Amino acid sequence: MKAVVINNYGGPEVLQLKEVTTPSITDHSQVLVKVRATSVNPLDYQVRRGDYAPLFDLPLITGHDIAGEVVAVGKAVKTWRPGDKVYYSPRFGGPGSYAEYHLTDESSLSGMPANLSYEEAAAVPLIGGTVWEMLVVRAKLKKGDTILIPGGAGGIGTLAIQVAKSLGAFVYTTGQDILQEQLRQLGADVVIDHHKKNYLEEVQAYTKGKGVDVIIDTVGGHTLSDSPHALASYGNIVTLVDIALPQNLIHAWEKNATYHFVFTRQSRDELHHITGLIEAGQVKPVIDSVYPIEDVKSAHQRMEDAKRDRPLLGKIVLSL
């Protein structure tokens, strides 16, 4: 089968399309899936450049989203049969999704929503579980709450806006002027151009000094230190980002803030909730662009390039 193999850590140039051995079922609970589409996540390029080197052996195949169809099942598998359309996130540290076939345990699979294409479905699994974990499990976002989602145009942001609205929250987000109408169409109530205005001060003005109930951080930098300036008393801040810089949390103390630290979630149970919202028409994945797997280097370059010819909006998908 064709697969994108990483022999050495580095930039997009280390992604090499090669012929490798197709995996085969060796356990009664395993399922072999034909990968029709996958996507590019920050986690993929972090693995590629060696951020998690102690957890992997080279050569490796990365990728954390799969939409495809079952082609073979182990003897003990009862739920799935060849031809079933599925989507899921491969186990972190194991073989990834940048390949024509993927072998997994039946427990990881979810049925693909019938109202999505393979490319749309491939944009959901990793961020779907993550967004549900951040908004519902940790922040306990509910109807009537207010939430600030910095970076609303990203993969997490575009989905988080929709999920927050489905829960009945009032949504603030940030995005460039050129993207503001699209972010409003996703459900954002207020969109602030963070290149032109201090979005924390703007939120304070909009809320008349009260602040918002929940802030999610997918941006990093000094966001953890700065967020309490726009947070309501006893509010929640949920971050997905490694804390690479020292943070001064004195303002969080003043607000009696609660911090939650989330690693990307690969739970089928959490994805099930997103599946329901998709099937009900309340949530739809946002696709920035689709690349053939042969052009995976360009896909990674678009994800990481700070000087894009057009702003990133949603997920970058790889088609097989």
# chains A, B, ... in the order shown; residues from 1 in each chain; ligands from 1
>>> select_by_dssp(residues="region 211-316 of chain A", states="alpha helix (DSSP H)", output="ChimeraX atom specification")
/A:223-226,250-254,268-279,296-304
>>> residues_around(residues="Glu133 (chain A)", least_positions_apart="6", cutoff="9 Å", atoms="only C-alpha atoms", output="MDAnalysis selection string")
chainID A and resid 139 262 264:265 270
>>> residues_around(residues="region 78-81 of chain A", least_positions_apart="3", cutoff="10 Å", atoms="only C-alpha atoms", output="MDAnalysis selection string")
chainID A and resid 29 31 69:75 84:86 106:107 109:111
>>> write_last_selection(atoms="all heavy atoms", output="CSV table (one decimal), in the first residue's frame")
chain,number,residue,atom,x,y,z
A,29,SER,N,-10.3,-9.2,17.5
A,29,SER,CA,-11.1,-8.0,17.7
A,29,SER,C,-10.6,-6.9,16.7
A,29,SER,O,-11.2,-5.8,16.8
A,29,SER,CB,-10.9,-7.5,19.1
A,29,SER,OG,-9.6,-7.1,19.4
A,31,VAL,N,-10.0,-4.7,13.1
A,31,VAL,CA,-10.7,-4.4,11.9
A,31,VAL,C,-9.7,-3.7,10.9
A,31,VAL,O,-8.9,-2.9,11.4
A,31,VAL,CB,-11.9,-3.4,12.2
A,31,VAL,CG1,-12.5,-2.9,10.9
A,31,VAL,CG2,-12.9,-4.0,13.1
A,69,GLU,N,-13.8,2.9,4.9
A,69,GLU,CA,-14.7,1.8,4.9
A,69,GLU,C,-14.0,0.5,5.4
A,69,GLU,O,-12.8,0.3,5.1
A,69,GLU,CB,-15.4,1.6,3.6
A,69,GLU,CG,-14.4,1.2,2.5
A,69,GLU,CD,-15.1,1.2,1.1
A,69,GLU,OE1,-15.6,2.2,0.7
A,69,GLU,OE2,-15.1,0.1,0.5
A,70,VAL,N,-14.8,-0.3,6.1
A,70,VAL,CA,-14.3,-1.6,6.6
A,70,VAL,C,-14.1,-2.5,5.5
A,70,VAL,O,-15.0,-2.7,4.6
A,70,VAL,CB,-15.2,-2.1,7.7
A,70,VAL,CG1,-14.8,-3.5,8.1
A,70,VAL,CG2,-15.4,-1.2,8.9
A,71,VAL,N,-12.9,-3.2,5.4
A,71,VAL,CA,-12.7,-4.2,4.4
A,71,VAL,C,-12.5,-5.6,4.9
A,71,VAL,O,-12.7,-6.5,4.2
A,71,VAL,CB,-11.5,-3.8,3.5
A,71,VAL,CG1,-11.7,-2.5,2.7
A,71,VAL,CG2,-10.2,-3.6,4.3
A,72,ALA,N,-12.2,-5.7,6.2
A,72,ALA,CA,-12.0,-7.0,6.8
A,72,ALA,C,-12.2,-6.9,8.3
A,72,ALA,O,-11.9,-5.9,8.9
A,72,ALA,CB,-10.7,-7.7,6.4
A,73,VAL,N,-12.7,-8.0,8.9
A,73,VAL,CA,-12.9,-8.0,10.4
A,73,VAL,C,-12.4,-9.3,11.0
A,73,VAL,O,-12.4,-10.3,10.3
A,73,VAL,CB,-14.4,-7.8,10.8
A,73,VAL,CG1,-14.9,-6.4,10.2
A,73,VAL,CG2,-15.3,-8.9,10.3
A,74,GLY,N,-12.0,-9.2,12.3
A,74,GLY,CA,-11.6,-10.4,13.0
A,74,GLY,C,-12.8,-11.2,13.4
A,74,GLY,O,-13.9,-10.8,13.3
A,75,LYS,N,-12.5,-12.5,13.8
A,75,LYS,CA,-13.6,-13.4,14.0
A,75,LYS,C,-14.5,-13.0,15.2
A,75,LYS,O,-15.7,-13.4,15.2
A,75,LYS,CB,-13.0,-14.8,14.4
A,75,LYS,CG,-12.2,-15.4,13.2
A,75,LYS,CD,-11.6,-16.8,13.6
A,75,LYS,CE,-11.0,-17.4,12.4
A,75,LYS,NZ,-10.3,-18.8,12.8
A,84,ASP,N,-19.0,-1.2,5.8
A,84,ASP,CA,-19.4,-0.2,6.7
A,84,ASP,C,-18.5,1.1,6.6
A,84,ASP,O,-17.3,1.0,6.5
A,84,ASP,CB,-19.4,-0.7,8.1
A,84,ASP,CG,-20.5,-1.7,8.4
A,84,ASP,OD1,-21.5,-1.7,7.6
A,84,ASP,OD2,-20.4,-2.3,9.5
A,85,LYS,N,-19.2,2.2,6.6
A,85,LYS,CA,-18.4,3.5,6.5
A,85,LYS,C,-18.2,3.9,8.0
A,85,LYS,O,-19.1,4.0,8.8
A,85,LYS,CB,-19.2,4.6,5.8
A,85,LYS,CG,-19.4,4.3,4.3
A,85,LYS,CD,-20.1,5.5,3.6
A,85,LYS,CE,-20.1,5.3,2.1
A,85,LYS,NZ,-20.8,6.4,1.4
A,86,VAL,N,-16.9,4.2,8.3
A,86,VAL,CA,-16.5,4.5,9.7
A,86,VAL,C,-15.6,5.8,9.7
A,86,VAL,O,-15.0,6.1,8.7
A,86,VAL,CB,-15.8,3.3,10.3
A,86,VAL,CG1,-16.7,2.1,10.5
A,86,VAL,CG2,-14.5,2.9,9.5
A,106,GLU,N,-11.7,-2.9,17.0
A,106,GLU,CA,-13.1,-2.5,16.8
A,106,GLU,C,-13.6,-1.4,17.7
A,106,GLU,O,-14.5,-0.6,17.4
A,106,GLU,CB,-14.0,-3.7,16.8
A,106,GLU,CG,-14.1,-4.4,18.2
A,106,GLU,CD,-15.3,-5.4,18.2
A,106,GLU,OE1,-16.3,-5.2,17.5
A,106,GLU,OE2,-15.1,-6.4,18.9
A,107,SER,N,-13.1,-1.4,18.9
A,107,SER,CA,-13.6,-0.5,19.9
A,107,SER,C,-13.3,1.0,19.6
A,107,SER,O,-13.9,1.9,20.2
A,107,SER,CB,-13.0,-0.8,21.3
A,107,SER,OG,-11.6,-0.6,21.2
A,109,LEU,N,-13.8,2.4,16.6
A,109,LEU,CA,-14.6,2.8,15.4
A,109,LEU,C,-15.9,3.5,15.8
A,109,LEU,O,-16.6,3.2,16.8
A,109,LEU,CB,-14.9,1.7,14.5
A,109,LEU,CG,-13.8,0.9,13.9
A,109,LEU,CD1,-14.3,-0.2,13.1
A,109,LEU,CD2,-12.8,1.8,13.1
A,110,SER,N,-16.3,4.5,15.0
A,110,SER,CA,-17.6,5.1,15.0
A,110,SER,C,-18.2,5.1,13.6
A,110,SER,O,-17.5,5.2,12.7
A,110,SER,CB,-17.5,6.6,15.5
A,110,SER,OG,-17.2,6.6,16.9
A,111,GLY,N,-19.5,4.9,13.6
A,111,GLY,CA,-20.2,5.0,12.3
A,111,GLY,C,-20.1,6.4,11.7
A,111,GLY,O,-20.4,7.4,12.4
>>> atom_distance(atom1="CA of Gly235 (chain A)", atom2="CA of Lys140 (chain A)")
10.6 Å
>>> residues_around(residues="region 90-99 of chain A", least_positions_apart="3", cutoff="8 Å", atoms="only C-alpha atoms", output="PDB file with N, CA and C atoms, in the first residue's frame")
ATOM      1  N   MET A   1       0.839  -1.195   0.000  1.00  0.00           N
ATOM      2  CA  MET A   1       0.000   0.000   0.000  1.00  0.00           C
ATOM      3  C   MET A   1       0.875   1.247   0.000  1.00  0.00           C
ATOM      4  N   LYS A   2       0.289   2.383  -0.419  1.00  0.00           N
ATOM      5  CA  LYS A   2       0.982   3.656  -0.332  1.00  0.00           C
ATOM      6  C   LYS A   2       0.843   4.205   1.083  1.00  0.00           C
ATOM      7  N   ALA A   3       1.924   4.797   1.577  1.00  0.00           N
ATOM      8  CA  ALA A   3       1.884   5.433   2.891  1.00  0.00           C
ATOM      9  C   ALA A   3       2.900   6.560   2.932  1.00  0.00           C
ATOM     10  N   VAL A   4       2.638   7.561   3.744  1.00  0.00           N
ATOM     11  CA  VAL A   4       3.587   8.657   3.947  1.00  0.00           C
ATOM     12  C   VAL A   4       4.452   8.290   5.147  1.00  0.00           C
ATOM     13  N   VAL A  35      -8.619   3.549   4.017  1.00  0.00           N
ATOM     14  CA  VAL A  35      -8.652   4.982   4.311  1.00  0.00           C
ATOM     15  C   VAL A  35      -9.016   5.750   3.039  1.00  0.00           C
ATOM     16  N   THR A  38      -8.036  11.605   5.159  1.00  0.00           N
ATOM     17  CA  THR A  38      -7.498  11.918   6.473  1.00  0.00           C
ATOM     18  C   THR A  38      -7.334  13.435   6.532  1.00  0.00           C
ATOM     19  N   LEU A  55       8.040   8.742  22.305  1.00  0.00           N
ATOM     20  CA  LEU A  55       6.860   7.885  22.222  1.00  0.00           C
ATOM     21  C   LEU A  55       6.772   7.120  20.905  1.00  0.00           C
ATOM     22  N   PHE A  56       7.706   7.369  19.992  1.00  0.00           N
ATOM     23  CA  PHE A  56       7.642   6.756  18.667  1.00  0.00           C
ATOM     24  C   PHE A  56       8.975   6.116  18.303  1.00  0.00           C
ATOM     25  N   LEU A  60       8.150   6.028  10.979  1.00  0.00           N
ATOM     26  CA  LEU A  60       6.778   6.059  11.483  1.00  0.00           C
ATOM     27  C   LEU A  60       5.836   6.637  10.441  1.00  0.00           C
ATOM     28  N   ILE A  61       4.561   6.359  10.637  1.00  0.00           N
ATOM     29  CA  ILE A  61       3.490   6.957   9.846  1.00  0.00           C
ATOM     30  C   ILE A  61       2.633   7.760  10.808  1.00  0.00           C
ATOM     31  N   THR A  62       2.483   9.070  10.550  1.00  0.00           N
ATOM     32  CA  THR A  62       1.672   9.905  11.427  1.00  0.00           C
ATOM     33  C   THR A  62       0.267  10.064  10.848  1.00  0.00           C
ATOM     34  N   GLY A  63      -0.542  10.915  11.466  1.00  0.00           N
ATOM     35  CA  GLY A  63      -1.914  11.133  11.028  1.00  0.00           C
ATOM     36  C   GLY A  63      -2.900  10.675  12.084  1.00  0.00           C
ATOM     37  N   HIS A  64      -3.898  11.512  12.389  1.00  0.00           N
ATOM     38  CA  HIS A  64      -4.780  11.244  13.537  1.00  0.00           C
ATOM     39  C   HIS A  64      -6.259  11.356  13.218  1.00  0.00           C
ATOM     40  N   ASP A  65      -6.625  11.277  11.950  1.00  0.00           N
ATOM     41  CA  ASP A  65      -8.035  11.254  11.547  1.00  0.00           C
ATOM     42  C   ASP A  65      -8.215  10.263  10.411  1.00  0.00           C
ATOM     43  N   ILE A  66      -9.287   9.491  10.462  1.00  0.00           N
ATOM     44  CA  ILE A  66      -9.581   8.548   9.385  1.00  0.00           C
ATOM     45  C   ILE A  66     -11.068   8.561   9.072  1.00  0.00           C
ATOM     46  N   HIS A 102      -5.572   1.022   7.309  1.00  0.00           N
ATOM     47  CA  HIS A 102      -5.237   1.175   8.718  1.00  0.00           C
ATOM     48  C   HIS A 102      -5.874   0.036   9.504  1.00  0.00           C
ATOM     49  N   THR A 104      -6.978  -1.438  13.193  1.00  0.00           N
ATOM     50  CA  THR A 104      -7.317  -0.925  14.515  1.00  0.00           C
ATOM     51  C   THR A 104      -8.207  -1.920  15.245  1.00  0.00           C
ATOM     52  N   SER A 108     -12.431   1.257  18.633  1.00  0.00           N
ATOM     53  CA  SER A 108     -12.096   2.638  18.288  1.00  0.00           C
ATOM     54  C   SER A 108     -13.027   3.228  17.237  1.00  0.00           C
ATOM     55  N   GLN A 266      -9.076  11.268  21.956  1.00  0.00           N
ATOM     56  CA  GLN A 266      -9.328  10.279  20.912  1.00  0.00           C
ATOM     57  C   GLN A 266     -10.371   9.266  21.387  1.00  0.00           C
ATOM     58  N   ILE A 293      -3.070  12.854  -1.309  1.00  0.00           N
ATOM     59  CA  ILE A 293      -2.036  12.383  -0.382  1.00  0.00           C
ATOM     60  C   ILE A 293      -0.639  12.578  -0.971  1.00  0.00           C
TER      61      ILE A 293
END
>>> closest_residue(among="A:Gly50, A:Pro311, A:Gly175, A:Pro113", to="Gly10 (chain A)", atoms="only C-alpha atoms")
A:Gly50
>>> select_by_dssp(residues="region 63-288 of chain A", states="strand (DSSP E)", output="JSON, numbers by chain")
{"A": [66, 67, 68, 69, 70, 71, 72, 73, 85, 86, 87, 88, 101, 102, 103, 104, 105, 110, 111, 146, 147, 148, 149, 170, 171, 172, 173, 174, 190, 191, 192, 212, 213, 214, 215, 216, 217, 231, 232, 233, 234, 235, 236, 237, 238, 239, 258, 259, 260, 261, 287, 288]}
>>> residues_around(residues="Val5 (chain A)", least_positions_apart="5", cutoff="7 Å", atoms="only C-alpha atoms", output="list of chain:residue names")
A:Leu15, A:Gln16, A:Leu17, A:Lys18, A:Pro59, A:Leu60, A:Ile61
>>> atom_distance(atom1="CA of Ile316 (chain A)", atom2="CA of Glu294 (chain A)")
14.1 Å
>>> decode(residues="region 119-134 of chain A", atoms="all heavy atoms", output="PDB file, in the first residue's frame")
ATOM      1  N   GLU A 119     -14.317  13.260   2.816  1.00  0.00           N
ATOM      2  CA  GLU A 119     -13.434  14.395   3.103  1.00  0.00           C
ATOM      3  C   GLU A 119     -13.949  15.197   4.298  1.00  0.00           C
ATOM      4  O   GLU A 119     -13.166  15.622   5.158  1.00  0.00           O
ATOM      5  CB  GLU A 119     -13.315  15.298   1.867  1.00  0.00           C
ATOM      6  CG  GLU A 119     -12.471  14.720   0.741  1.00  0.00           C
ATOM      7  CD  GLU A 119     -13.214  13.646  -0.054  1.00  0.00           C
ATOM      8  OE1 GLU A 119     -14.462  13.559   0.058  1.00  0.00           O
ATOM      9  OE2 GLU A 119     -12.545  12.894  -0.789  1.00  0.00           O
ATOM     10  N   GLU A 120     -15.261  15.402   4.362  1.00  0.00           N
ATOM     11  CA  GLU A 120     -15.827  16.130   5.505  1.00  0.00           C
ATOM     12  C   GLU A 120     -15.669  15.327   6.790  1.00  0.00           C
ATOM     13  O   GLU A 120     -15.284  15.874   7.836  1.00  0.00           O
ATOM     14  CB  GLU A 120     -17.304  16.419   5.249  1.00  0.00           C
ATOM     15  CG  GLU A 120     -17.553  17.450   4.166  1.00  0.00           C
ATOM     16  CD  GLU A 120     -19.022  17.545   3.793  1.00  0.00           C
ATOM     17  OE1 GLU A 120     -19.726  16.515   3.836  1.00  0.00           O
ATOM     18  OE2 GLU A 120     -19.455  18.660   3.445  1.00  0.00           O
ATOM     19  N   ALA A 121     -15.935  14.034   6.711  1.00  0.00           N
ATOM     20  CA  ALA A 121     -15.836  13.189   7.910  1.00  0.00           C
ATOM     21  C   ALA A 121     -14.414  13.140   8.446  1.00  0.00           C
ATOM     22  O   ALA A 121     -14.201  13.085   9.659  1.00  0.00           O
ATOM     23  CB  ALA A 121     -16.333  11.785   7.592  1.00  0.00           C
ATOM     24  N   ALA A 122     -13.428  13.168   7.553  1.00  0.00           N
ATOM     25  CA  ALA A 122     -12.031  13.093   7.980  1.00  0.00           C
ATOM     26  C   ALA A 122     -11.599  14.315   8.779  1.00  0.00           C
ATOM     27  O   ALA A 122     -10.583  14.280   9.472  1.00  0.00           O
ATOM     28  CB  ALA A 122     -11.120  12.925   6.762  1.00  0.00           C
ATOM     29  N   ALA A 123     -12.373  15.397   8.698  1.00  0.00           N
ATOM     30  CA  ALA A 123     -12.028  16.617   9.420  1.00  0.00           C
ATOM     31  C   ALA A 123     -12.509  16.605  10.868  1.00  0.00           C
ATOM     32  O   ALA A 123     -12.224  17.536  11.617  1.00  0.00           O
ATOM     33  CB  ALA A 123     -12.632  17.827   8.698  1.00  0.00           C
ATOM     34  N   VAL A 124     -13.214  15.541  11.278  1.00  0.00           N
ATOM     35  CA  VAL A 124     -13.931  15.593  12.552  1.00  0.00           C
ATOM     36  C   VAL A 124     -13.306  14.841  13.722  1.00  0.00           C
ATOM     37  O   VAL A 124     -13.253  15.385  14.840  1.00  0.00           O
ATOM     38  CB  VAL A 124     -15.385  15.084  12.351  1.00  0.00           C
ATOM     39  CG1 VAL A 124     -16.131  15.011  13.678  1.00  0.00           C
ATOM     40  CG2 VAL A 124     -16.124  15.969  11.362  1.00  0.00           C
ATOM     41  N   PRO A 125     -12.849  13.582  13.599  1.00  0.00           N
ATOM     42  CA  PRO A 125     -12.636  12.745  14.794  1.00  0.00           C
ATOM     43  C   PRO A 125     -11.763  13.341  15.893  1.00  0.00           C
ATOM     44  O   PRO A 125     -12.185  13.392  17.051  1.00  0.00           O
ATOM     45  CB  PRO A 125     -12.009  11.470  14.213  1.00  0.00           C
ATOM     46  CG  PRO A 125     -12.573  11.394  12.828  1.00  0.00           C
ATOM     47  CD  PRO A 125     -12.624  12.825  12.364  1.00  0.00           C
ATOM     48  N   LEU A 126     -10.564  13.783  15.574  1.00  0.00           N
ATOM     49  CA  LEU A 126      -9.668  14.265  16.627  1.00  0.00           C
ATOM     50  C   LEU A 126     -10.197  15.540  17.263  1.00  0.00           C
ATOM     51  O   LEU A 126     -10.271  15.650  18.488  1.00  0.00           O
ATOM     52  CB  LEU A 126      -8.262  14.489  16.073  1.00  0.00           C
ATOM     53  CG  LEU A 126      -7.207  14.833  17.133  1.00  0.00           C
ATOM     54  CD1 LEU A 126      -6.986  13.673  18.093  1.00  0.00           C
ATOM     55  CD2 LEU A 126      -5.887  15.239  16.477  1.00  0.00           C
ATOM     56  N   ILE A 127     -10.583  16.516  16.446  1.00  0.00           N
ATOM     57  CA  ILE A 127     -11.072  17.769  17.024  1.00  0.00           C
ATOM     58  C   ILE A 127     -12.455  17.592  17.642  1.00  0.00           C
ATOM     59  O   ILE A 127     -12.811  18.296  18.583  1.00  0.00           O
ATOM     60  CB  ILE A 127     -11.070  18.926  16.008  1.00  0.00           C
ATOM     61  CG1 ILE A 127     -12.053  18.665  14.857  1.00  0.00           C
ATOM     62  CG2 ILE A 127      -9.665  19.188  15.488  1.00  0.00           C
ATOM     63  CD1 ILE A 127     -12.265  19.891  13.974  1.00  0.00           C
ATOM     64  N   GLY A 128     -13.229  16.635  17.129  1.00  0.00           N
ATOM     65  CA  GLY A 128     -14.559  16.408  17.683  1.00  0.00           C
ATOM     66  C   GLY A 128     -14.503  15.997  19.137  1.00  0.00           C
ATOM     67  O   GLY A 128     -15.167  16.587  20.006  1.00  0.00           O
ATOM     68  N   GLY A 129     -13.716  14.985  19.427  1.00  0.00           N
ATOM     69  CA  GLY A 129     -13.559  14.540  20.808  1.00  0.00           C
ATOM     70  C   GLY A 129     -12.936  15.609  21.684  1.00  0.00           C
ATOM     71  O   GLY A 129     -13.298  15.774  22.851  1.00  0.00           O
ATOM     72  N   THR A 130     -12.010  16.368  21.095  1.00  0.00           N
ATOM     73  CA  THR A 130     -11.315  17.405  21.857  1.00  0.00           C
ATOM     74  C   THR A 130     -12.255  18.546  22.230  1.00  0.00           C
ATOM     75  O   THR A 130     -12.268  19.019  23.377  1.00  0.00           O
ATOM     76  CB  THR A 130     -10.125  17.950  21.045  1.00  0.00           C
ATOM     77  OG1 THR A 130      -9.236  16.874  20.734  1.00  0.00           O
ATOM     78  CG2 THR A 130      -9.378  19.016  21.817  1.00  0.00           C
ATOM     79  N   VAL A 131     -13.047  19.005  21.268  1.00  0.00           N
ATOM     80  CA  VAL A 131     -13.977  20.106  21.535  1.00  0.00           C
ATOM     81  C   VAL A 131     -15.009  19.702  22.578  1.00  0.00           C
ATOM     82  O   VAL A 131     -15.317  20.480  23.497  1.00  0.00           O
ATOM     83  CB  VAL A 131     -14.663  20.555  20.225  1.00  0.00           C
ATOM     84  CG1 VAL A 131     -15.865  21.442  20.527  1.00  0.00           C
ATOM     85  CG2 VAL A 131     -13.665  21.301  19.339  1.00  0.00           C
ATOM     86  N   TRP A 132     -15.528  18.495  22.489  1.00  0.00           N
ATOM     87  CA  TRP A 132     -16.509  18.049  23.479  1.00  0.00           C
ATOM     88  C   TRP A 132     -15.885  17.990  24.876  1.00  0.00           C
ATOM     89  O   TRP A 132     -16.498  18.408  25.866  1.00  0.00           O
ATOM     90  CB  TRP A 132     -17.085  16.690  23.094  1.00  0.00           C
ATOM     91  CG  TRP A 132     -18.293  16.339  23.918  1.00  0.00           C
ATOM     92  CD1 TRP A 132     -18.333  15.562  25.037  1.00  0.00           C
ATOM     93  CD2 TRP A 132     -19.632  16.790  23.699  1.00  0.00           C
ATOM     94  NE1 TRP A 132     -19.612  15.489  25.540  1.00  0.00           N
ATOM     95  CE2 TRP A 132     -20.440  16.235  24.733  1.00  0.00           C
ATOM     96  CE3 TRP A 132     -20.239  17.598  22.737  1.00  0.00           C
ATOM     97  CZ2 TRP A 132     -21.800  16.474  24.813  1.00  0.00           C
ATOM     98  CZ3 TRP A 132     -21.600  17.835  22.815  1.00  0.00           C
ATOM     99  CH2 TRP A 132     -22.362  17.272  23.851  1.00  0.00           C
ATOM    100  N   GLU A 133     -14.672  17.487  24.941  1.00  0.00           N
ATOM    101  CA  GLU A 133     -13.965  17.424  26.225  1.00  0.00           C
ATOM    102  C   GLU A 133     -13.775  18.822  26.808  1.00  0.00           C
ATOM    103  O   GLU A 133     -14.005  19.049  28.003  1.00  0.00           O
ATOM    104  CB  GLU A 133     -12.606  16.746  26.034  1.00  0.00           C
ATOM    105  CG  GLU A 133     -11.692  16.757  27.249  1.00  0.00           C
ATOM    106  CD  GLU A 133     -12.080  15.743  28.314  1.00  0.00           C
ATOM    107  OE1 GLU A 133     -12.889  14.832  28.017  1.00  0.00           O
ATOM    108  OE2 GLU A 133     -11.561  15.853  29.440  1.00  0.00           O
ATOM    109  N   MET A 134     -13.369  19.772  25.962  1.00  0.00           N
ATOM    110  CA  MET A 134     -13.082  21.124  26.443  1.00  0.00           C
ATOM    111  C   MET A 134     -14.342  21.851  26.897  1.00  0.00           C
ATOM    112  O   MET A 134     -14.392  22.420  27.997  1.00  0.00           O
ATOM    113  CB  MET A 134     -12.381  21.936  25.345  1.00  0.00           C
ATOM    114  CG  MET A 134     -11.002  21.416  24.965  1.00  0.00           C
ATOM    115  SD  MET A 134     -10.233  22.367  23.629  1.00  0.00           S
ATOM    116  CE  MET A 134      -9.611  23.778  24.539  1.00  0.00           C
TER     117      MET A 134
END
